[in-house]
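Colleague: Following this line is query.cif, made up of mmCIF, C-alpha atoms:
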```
data_protein
loop_
_atom_site.label_atom_id
_atom_site.label_comp_id
_atom_site.auth_asym_id
_atom_site.auth_seq_id
_atom_site.Cartn_x
_atom_site.Cartn_y
_atom_site.Cartn_z
CA MET D 27 0.00 0.00 0.00
CA PRO D 28 1.49 3.37 -0.97
CA THR D 29 2.15 5.62 1.98
CA ASP D 30 -0.28 8.50 1.84
CA ALA D 31 1.49 11.79 2.54
CA ARG D 32 -1.78 13.49 3.43
CA HIS D 33 -2.53 10.99 6.15
CA PRO D 34 0.78 10.65 7.92
CA ASP D 35 -0.94 9.32 11.02
CA THR D 36 -2.27 6.25 9.27
CA PRO D 37 0.01 3.28 9.75
CA GLU D 38 0.48 1.01 6.74
CA THR D 39 -0.70 -1.92 8.78
CA PRO D 40 -3.06 -0.74 11.46
CA LYS D 41 -3.10 -2.47 14.80
CA ILE D 42 -6.08 -4.78 15.16
CA LEU D 43 -7.48 -6.18 18.38
CA ILE D 44 -10.00 -9.03 18.27
CA ARG D 45 -11.71 -10.95 21.03
CA VAL D 46 -13.26 -14.28 20.06
CA PRO D 47 -13.71 -17.18 22.51
CA VAL D 48 -11.16 -19.95 22.03
CA ARG D 49 -13.81 -22.67 22.31
CA ALA D 50 -17.58 -22.89 22.47
CA GLN D 51 -20.40 -25.43 22.53
CA ARG D 52 -22.46 -25.80 19.36
CA GLY D 53 -25.40 -23.40 19.56
CA ASP D 54 -23.71 -21.06 22.04
CA VAL D 55 -24.28 -17.36 21.40
CA PHE D 56 -21.19 -15.35 22.23
CA GLU D 57 -19.86 -11.83 21.90
CA ILE D 58 -17.10 -10.80 19.51
CA LYS D 59 -15.19 -7.56 19.90
CA ALA D 60 -13.17 -5.97 17.14
CA LEU D 61 -11.08 -2.80 17.17
CA ILE D 62 -8.81 -1.35 14.51
CA ASN D 63 -6.41 1.58 14.71
CA HIS D 64 -7.57 4.09 12.13
CA PRO D 65 -8.02 7.91 12.12
CA MET D 66 -11.47 7.80 10.41
CA GLU D 67 -10.61 11.19 8.94
CA ASN D 68 -13.94 12.81 8.09
CA GLY D 69 -12.73 15.18 5.37
CA LEU D 70 -13.95 18.25 7.25
CA ARG D 71 -10.79 19.12 9.09
CA TYR D 72 -8.03 21.46 8.00
CA ASP D 73 -4.33 20.99 8.57
CA GLN D 74 -1.93 23.65 9.83
CA ASP D 75 -1.48 25.04 6.31
CA GLY D 76 -5.23 25.53 5.88
CA GLN D 77 -5.56 22.61 3.49
CA VAL D 78 -8.48 20.23 3.86
CA ILE D 79 -7.33 16.88 5.16
CA PRO D 80 -8.95 14.51 2.66
CA ARG D 81 -11.56 12.06 3.83
CA LYS D 82 -10.23 8.65 4.79
CA ILE D 83 -12.81 6.37 6.31
CA ILE D 84 -13.20 2.65 6.76
CA HIS D 85 -16.59 2.51 5.08
CA ARG D 86 -17.28 -1.21 5.34
CA PHE D 87 -16.69 -3.85 7.97
CA VAL D 88 -17.57 -7.52 7.49
CA CYS D 89 -17.14 -10.49 9.80
CA ARG D 90 -17.49 -14.01 8.40
CA TYR D 91 -17.53 -17.33 10.21
CA ASN D 92 -16.32 -20.16 7.98
CA GLY D 93 -17.24 -17.99 5.00
CA GLU D 94 -20.74 -17.12 6.17
CA ILE D 95 -21.62 -13.61 7.24
CA VAL D 96 -22.03 -12.71 10.89
CA VAL D 97 -22.33 -8.95 10.42
CA ASP D 98 -21.90 -6.67 7.42
CA CYS D 99 -21.73 -2.95 8.15
CA ASP D 100 -21.54 0.32 6.27
CA TRP D 101 -19.77 2.97 8.29
CA GLY D 102 -19.91 6.73 7.80
CA THR D 103 -17.93 9.62 9.16
CA ALA D 104 -19.92 9.38 12.40
CA VAL D 105 -18.01 6.27 13.40
CA SER D 106 -15.28 7.24 15.88
CA ALA D 107 -11.56 7.05 15.21
CA ASN D 108 -10.12 3.63 16.03
CA PRO D 109 -13.48 2.05 15.27
CA TYR D 110 -14.70 -0.49 17.76
CA MET D 111 -17.60 -2.86 17.38
CA SER D 112 -19.03 -5.69 19.39
CA PHE D 113 -21.66 -8.13 18.12
CA PHE D 114 -22.83 -11.72 18.58
CA ALA D 115 -22.25 -14.95 16.71
CA VAL D 116 -23.69 -18.42 17.17
CA ALA D 117 -21.30 -21.39 17.39
CA ALA D 118 -21.68 -23.89 14.53
CA ASP D 119 -18.45 -25.70 13.62
CA SER D 120 -14.80 -25.35 14.47
CA GLY D 121 -13.15 -22.97 12.08
CA THR D 122 -12.21 -19.37 11.53
CA PHE D 123 -13.63 -15.92 11.97
CA ASP D 124 -12.45 -13.58 9.22
CA PHE D 125 -12.59 -9.84 9.73
CA GLU D 126 -12.37 -7.37 6.87
CA TRP D 127 -12.21 -3.59 7.01
CA THR D 128 -12.38 -1.69 3.69
CA ASP D 129 -10.73 1.72 3.57
CA ASP D 130 -11.75 4.56 1.22
CA ASP D 131 -8.49 4.10 -0.69
CA GLY D 132 -9.48 0.51 -1.46
CA THR D 133 -7.11 -1.08 1.01
CA ILE D 134 -8.61 -4.04 2.84
CA TYR D 135 -7.27 -4.75 6.31
CA ARG D 136 -7.78 -8.38 7.32
CA HIS D 137 -7.54 -10.38 10.47
CA SER D 138 -8.72 -13.81 11.52
CA ALA D 139 -9.25 -15.80 14.69
CA PRO D 140 -9.82 -19.53 15.17
CA ILE D 141 -12.55 -21.15 17.23
CA LEU D 142 -12.90 -24.72 18.48
CA VAL D 143 -16.50 -25.94 18.71
CA ALA D 144 -17.29 -29.06 20.74
CA MET T 18 -16.94 17.86 35.92
CA ALA T 19 -18.20 21.42 36.38
CA PRO T 20 -21.98 21.81 36.50
CA VAL T 21 -23.41 23.02 33.23
CA ASP T 22 -25.07 26.38 33.27
CA ARG T 23 -28.14 25.70 31.18
CA ARG T 24 -28.74 29.32 30.34
CA LYS T 25 -25.19 29.87 29.16
CA VAL T 26 -25.33 26.76 27.01
CA LEU T 27 -28.59 27.89 25.46
CA ILE T 28 -27.38 31.41 24.78
CA GLY T 29 -24.12 30.04 23.43
CA SER T 30 -25.90 27.65 21.06
CA ALA T 31 -28.26 30.37 19.89
CA ALA T 32 -25.34 32.64 19.16
CA LEU T 33 -23.58 29.93 17.16
CA VAL T 34 -26.68 29.22 15.13
CA ALA T 35 -27.30 32.93 14.57
CA ALA T 36 -23.73 33.40 13.41
CA GLY T 37 -24.17 30.59 10.91
CA PHE T 38 -21.46 28.47 12.47
CA VAL T 39 -23.76 25.55 13.07
CA ARG T 40 -25.87 24.08 10.33
CA ALA T 41 -29.51 23.59 11.11
CA GLU T 42 -30.23 20.00 12.05
CA GLU T 43 -31.31 18.04 9.00
CA PRO T 44 -34.97 17.19 9.50
CA LEU T 45 -35.34 13.53 10.39
CA ASP T 46 -38.28 13.15 8.05
CA HIS T 47 -36.21 14.24 5.07
CA LEU T 48 -33.51 11.74 6.00
CA LEU T 49 -36.01 8.92 6.41
CA GLY T 50 -37.46 9.83 3.03
CA GLU T 51 -34.03 9.50 1.40
CA ILE T 52 -33.59 6.02 2.82
CA PHE T 53 -37.07 4.53 3.01
CA ALA T 54 -38.95 6.62 0.38
CA ASP T 55 -42.52 7.04 1.65
CA ARG T 56 -42.33 4.38 4.38
CA ARG T 57 -41.98 5.58 7.97
CA PRO T 58 -41.09 3.61 11.12
CA ARG T 59 -43.29 3.12 14.15
CA PRO T 60 -41.79 3.19 17.63
CA GLY T 61 -40.88 -0.16 19.15
CA VAL T 62 -39.00 -3.46 18.57
CA ILE T 63 -35.59 -1.74 18.50
CA ALA T 64 -33.87 -0.41 21.62
CA MET T 65 -30.98 2.03 22.01
CA LYS T 66 -28.60 2.43 24.90
CA LEU T 67 -27.03 5.88 24.84
CA SER T 68 -25.85 8.05 27.70
CA PRO T 69 -27.96 11.23 28.03
CA LEU T 70 -24.81 13.27 28.63
CA ALA T 71 -21.30 13.14 27.19
CA GLU T 72 -18.39 15.40 27.93
CA ASN T 73 -17.36 15.36 24.31
CA GLY T 74 -18.75 13.83 21.17
CA LEU T 75 -15.62 12.13 19.91
CA ALA T 76 -16.40 8.56 20.97
CA VAL T 77 -19.83 8.07 22.45
CA PRO T 78 -20.71 4.45 23.28
CA ILE T 79 -23.98 3.24 21.80
CA THR T 80 -25.75 -0.13 21.81
CA LEU T 81 -28.55 -1.08 19.42
CA SER T 82 -30.61 -4.21 19.85
CA VAL T 83 -33.63 -5.59 18.06
CA ALA T 84 -35.97 -7.94 19.89
CA GLU T 85 -36.17 -10.30 16.92
CA PRO T 86 -34.02 -13.22 15.69
CA PRO T 87 -31.20 -11.75 13.56
CA ALA T 88 -32.43 -13.72 10.54
CA ASN T 89 -35.57 -11.61 10.66
CA VAL T 90 -33.71 -8.29 10.69
CA LYS T 91 -32.86 -6.87 7.29
CA ARG T 92 -30.87 -3.95 8.64
CA ILE T 93 -30.45 -1.36 11.34
CA VAL T 94 -29.90 2.21 10.18
CA LEU T 95 -28.31 4.64 12.63
CA LEU T 96 -28.96 8.35 12.10
CA ALA T 97 -27.32 11.37 13.72
CA PRO T 98 -29.30 14.28 12.22
CA GLY T 99 -27.13 16.87 14.00
CA ASN T 100 -23.97 15.66 12.27
CA PRO T 101 -22.58 17.06 9.00
CA PHE T 102 -23.17 13.57 7.54
CA PRO T 103 -26.25 12.28 9.34
CA ARG T 104 -26.19 8.72 7.99
CA ALA T 105 -23.97 7.30 10.68
CA ALA T 106 -23.98 3.58 9.91
CA GLU T 107 -25.95 0.61 8.66
CA TYR T 108 -25.75 -2.89 10.15
CA ARG T 109 -26.89 -6.12 8.49
CA PHE T 110 -26.87 -9.56 10.05
CA GLY T 111 -25.92 -12.82 8.33
CA PRO T 112 -26.75 -16.47 9.00
CA ARG T 113 -24.05 -16.75 11.68
CA ALA T 114 -25.26 -13.80 13.78
CA GLY T 115 -26.25 -14.81 17.30
CA LYS T 116 -28.29 -11.76 18.21
CA ALA T 117 -29.50 -8.66 16.42
CA GLU T 118 -27.39 -6.46 18.64
CA ILE T 119 -24.29 -4.31 18.16
CA SER T 120 -22.26 -1.91 20.26
CA THR T 121 -19.96 0.74 18.90
CA ARG T 122 -18.62 4.25 19.47
CA ILE T 123 -19.82 7.20 17.45
CA ARG T 124 -18.91 10.84 16.87
CA LEU T 125 -21.56 13.43 17.57
CA ALA T 126 -20.91 16.96 16.39
CA ARG T 127 -23.27 18.42 18.99
CA SER T 128 -26.26 17.77 21.21
CA GLN T 129 -28.99 16.06 19.22
CA THR T 130 -31.56 13.29 19.00
CA VAL T 131 -29.96 10.09 17.74
CA THR T 132 -32.37 7.78 15.91
CA ALA T 133 -32.11 4.13 14.92
CA VAL T 134 -34.45 2.34 12.52
CA ALA T 135 -34.78 -1.43 12.17
CA GLU T 136 -36.12 -2.90 8.95
CA LEU T 137 -37.47 -6.40 9.49
CA GLY T 138 -37.77 -9.26 7.00
CA ASP T 139 -41.40 -8.42 6.31
CA GLY T 140 -40.38 -4.86 5.37
CA SER T 141 -41.85 -3.28 8.50
CA LEU T 142 -39.91 -0.37 10.00
CA TRP T 143 -39.39 0.27 13.71
CA SER T 144 -37.52 3.05 15.40
CA THR T 145 -36.19 4.38 18.65
CA ALA T 146 -34.56 7.69 19.54
CA ALA T 147 -32.55 9.18 22.38
CA ASP T 148 -31.47 12.70 23.23
CA ILE T 149 -27.87 13.34 24.10
CA THR T 150 -26.27 16.51 25.41
CA ILE T 151 -22.66 17.12 24.49
CA THR T 152 -21.23 19.39 27.15
CA SER T 153 -17.96 20.63 25.68
CA GLY T 154 -16.06 21.47 22.56
CA ALA T 155 -16.47 18.34 20.50
CA CYS T 156 -17.40 20.52 17.55
CA ALA T 157 -14.19 22.42 17.76
CA GLU T 158 -12.15 19.25 18.02
CA ILE T 159 -13.83 17.28 15.28
CA TYR T 160 -14.80 20.08 12.97
CA ASP T 161 -12.10 22.59 13.74
CA ALA T 162 -12.68 24.00 10.28
CA HIS T 163 -15.36 26.11 11.91
#
```
I'd like the structure from this file rewritten - as structure tokens, please.
Modeller:
Amino acid sequence: MPTDARHPDTPETPKILIRVPVRAQRGDVFEIKALINHPMENGLRYDQDGQVIPRKIIHRFVCRYNGEIVVDCDWGTAVSANPYMSFFAVAADSGTFDFEWTDDDGTIYRHSAPILVA
Amino acid sequence: MAPVDRRKVLIGSAALVAAGFVRAEEPLDHLLGEIFADRRPRPGVIAMKLSPLAENGLAVPITLSVAEPPANVKRIVLLAPGNPFPRAAEYRFGPRAGKAEISTRIRLARSQTVTAVAELGDGSLWSTAADITITSGACAEIYDAH
């Protein structure tokens, strides 16, 4: 990903924090928490030289469990910097949770977490 | 936290509006029209947890939950009519969702009534709303252009 000079605060690989239970019983409903480091620049701010800091927003977040959707979200500028979300999944089979954040510049940040279902 | 002088806040807000620094709140009905055409939600089914007071509007915790199985919820639309871009977020649930509930943190440019609308599988619309007072300079921090 090309470093964006207008968004010097955005790391090339943002830090991602995920909380998914390590194991669960089939049918269990459990909470998942996901946080990503990102400025969620709303395009309304000016820098010190009076230039508009261009918009840079993660506008979509999707979580899949073994390929099937848990949640699929469209985010706007009203979502806070370092966007955090918690939601609920239902345990089906052992496998993987895949998390996907799509940035305005097209970059997709990915993360995954395994789960063992008894 | 210092107690808020209601009169000062009111006079201050009025002055900001008069000076044209703050855009008038986009009417909720106009927003709903953009999203749902001529359909309008009735109150109920969806619940919102939002603090009535926040020191600043940079990261306000909010929880939205629909008292329906997630498979029966087409989407939840979150609206912040007092923000420069009032369409805050939209949440859809897939086959692996365990509950039609999410928590997140949102930016609020100023005190306003936050509204959430749930669209169910049968196309019915349900809404809930909550007032929040932002006590200090979130505007200046988020929208320092003004």
Colleague: I would like the residues chosen by the PyMOL selection byres ((chain T) within 10 of (chain D)) on the shown file; could you give them as a VMD selection string?
Modeller: chain T and resid 74 to 82 87 92 to 97 100 to 126 157 to 163
Colleague: Between CA of Pro65 in chain D and CA of Leu67 in chain T, what is the distance in Å, rounded to a tenth?
Modeller: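 Distance between the two atoms: 23.0 Å.
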Colleague: For Gly121 in chain D, which residue among D:Val48, D:Gln74, D:Pro80, D:Tyr135 is the nearest when counting only C-alpha atoms?
Modeller: D:Val48
Colleague: Identify all residues satisfying the PyMOL selection byres ((chain T and resi 69) around 6) in the given file; provide them as a list in words.
Modeller: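 Selected by the PyMOL selection byres ((chain T and resi 69) around 6) here: Ser68, Leu70 and Ile149 of chain T.
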Colleague: Arg57 in chain T: which residues within 10 Å, counting only C-alpha atoms, same-chain residues fewer than 6 positions away excluded, as a list in words?
Modeller: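 Everything that qualifies: Asp46, Leu49, Gly50, Val134, Ser141, Leu142, Trp143 and Ser144 of chain T.
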Colleague: Just give me the gap between CA of Arg127 in chain T and CA of Ile52 in chain T in Å, one decimal is fine.
Modeller: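 Going from CA of Arg127 in chain T over to CA of Ile52 in chain T, I get 22.8 Å.
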Colleague: What is the CA of Arg49 in chain D to CA of Asp119 in chain D distance in Å?
Modeller: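 About the pair CA of Arg49 in chain D and CA of Asp119 in chain D: they are 10.3 Å apart.
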Colleague: Out of D:Ala50, D:Leu43, D:Ile79, D:Ile134, which residue has the shortest atom-to-atom distance to Ile62 in chain D when counting all atoms listed in the file?
Modeller: D:Leu43
Colleague: May I have the residues within 8 Å of Ala139 in chain D as a list in words, using only C-alpha atoms and disregarding those fewer than 6 positions away in the same chain?
Modeller: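 My list of contacting residues is Ile44, Val46, Thr122, Phe123 and Asp124 of chain D.
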Colleague: Now that the selection is made, can you save its residues with C-alpha atoms as a PDB file, in the frame of the given file?
Modeller:
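Final output, selection_0.pdb:
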```pdb
ATOM      1  CA  ILE D  44     -10.000  -9.030  18.270  1.00  0.00           C
ATOM      2  CA  VAL D  46     -13.260 -14.280  20.060  1.00  0.00           C
ATOM      3  CA  THR D 122     -12.210 -19.370  11.530  1.00  0.00           C
ATOM      4  CA  PHE D 123     -13.630 -15.920  11.970  1.00  0.00           C
ATOM      5  CA  ASP D 124     -12.450 -13.580   9.220  1.00  0.00           C
TER       6      ASP D 124
END
```
Colleague: For the PyMOL selection byres ((chain D and resi 84) around 7), applied here, can you spell out every residue it catches as a VMD selection string?
Modeller: chain D and resid 66 82 to 83 85 to 86 101 127 to 130
Colleague: If we count all atoms listed in the file and set the cut-off at 6 Å, which residues sit around Ile151 in chain T, ignoring sequence neighbours fewer than 4 positions away in its own chain? Please answer as a VMD selection string.
Modeller: chain T and resid 71 to 73 127 to 128
Colleague: Please, which residues are within 12 Å of (-38.7, -9.4, 4.3) by the file's coordinates, counting all atoms listed in the file, and could they come as a list in words?
Modeller: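 The residues near that point, listed by chain and number, are Ala88, Asn89, Val90, Lys91, Arg92, Ala135, Glu136, Leu137, Gly138, Asp139, Gly140, Ser141 and Leu142 of chain T.
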Colleague: Restricting the calculation to only C-alpha atoms: of T:Thr152, T:Thr130, T:Pro98, T:Pro86, which residue gets closest to Ile63 in chain T?
Modeller: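 Using only C-alpha atoms, the shortest distance to Ile63 in chain T belongs to T:Pro86.
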Colleague: Can you fill out range 46-65 of chain D with N, CA and C atoms and hand it back as a short mmCIF file (atom, residue, chain, number, x, y, z; two decimals), in the frame of the given file?
Modeller:
```
data_model
loop_
_atom_site.label_atom_id
_atom_site.label_comp_id
_atom_site.auth_asym_id
_atom_site.auth_seq_id
_atom_site.Cartn_x
_atom_site.Cartn_y
_atom_site.Cartn_z
N VAL D 46 -12.35 -13.19 20.43
CA VAL D 46 -13.26 -14.28 20.06
C VAL D 46 -12.98 -15.40 21.07
N PRO D 47 -14.00 -16.08 21.58
CA PRO D 47 -13.71 -17.18 22.51
C PRO D 47 -12.89 -18.27 21.83
N VAL D 48 -12.03 -18.90 22.59
CA VAL D 48 -11.16 -19.95 22.03
C VAL D 48 -11.99 -21.18 21.70
N ARG D 49 -12.93 -21.52 22.59
CA ARG D 49 -13.81 -22.67 22.31
C ARG D 49 -15.23 -22.37 22.75
N ALA D 50 -16.16 -23.10 22.15
CA ALA D 50 -17.58 -22.89 22.47
C ALA D 50 -18.33 -24.19 22.22
N GLN D 51 -19.51 -24.31 22.80
CA GLN D 51 -20.40 -25.43 22.53
C GLN D 51 -21.27 -25.07 21.32
N ARG D 52 -21.58 -26.05 20.50
CA ARG D 52 -22.46 -25.80 19.36
C ARG D 52 -23.76 -25.15 19.84
N GLY D 53 -24.16 -24.09 19.19
CA GLY D 53 -25.40 -23.40 19.56
C GLY D 53 -25.20 -22.24 20.52
N ASP D 54 -24.01 -22.17 21.14
CA ASP D 54 -23.71 -21.06 22.04
C ASP D 54 -23.78 -19.73 21.29
N VAL D 55 -24.33 -18.72 21.95
CA VAL D 55 -24.28 -17.36 21.40
C VAL D 55 -23.22 -16.61 22.21
N PHE D 56 -22.27 -16.03 21.52
CA PHE D 56 -21.19 -15.35 22.23
C PHE D 56 -20.85 -14.02 21.57
N GLU D 57 -20.19 -13.18 22.37
CA GLU D 57 -19.86 -11.83 21.90
C GLU D 57 -18.49 -11.82 21.23
N ILE D 58 -18.38 -11.02 20.19
CA ILE D 58 -17.10 -10.80 19.51
C ILE D 58 -16.82 -9.31 19.57
N LYS D 59 -15.57 -8.97 19.88
CA LYS D 59 -15.19 -7.56 19.90
C LYS D 59 -14.08 -7.33 18.89
N ALA D 60 -14.17 -6.25 18.16
CA ALA D 60 -13.17 -5.97 17.14
C ALA D 60 -12.83 -4.49 17.15
N LEU D 61 -11.54 -4.20 17.17
CA LEU D 61 -11.08 -2.80 17.17
C LEU D 61 -9.93 -2.68 16.19
N ILE D 62 -9.91 -1.59 15.45
CA ILE D 62 -8.81 -1.35 14.51
C ILE D 62 -8.32 0.09 14.69
N ASN D 63 -7.01 0.24 14.62
CA ASN D 63 -6.41 1.58 14.71
C ASN D 63 -6.58 2.30 13.39
N HIS D 64 -7.34 3.38 13.39
CA HIS D 64 -7.57 4.09 12.13
C HIS D 64 -8.08 5.49 12.46
N PRO D 65 -7.62 6.54 11.74
CA PRO D 65 -8.02 7.91 12.12
C PRO D 65 -9.48 8.23 11.79
#
```
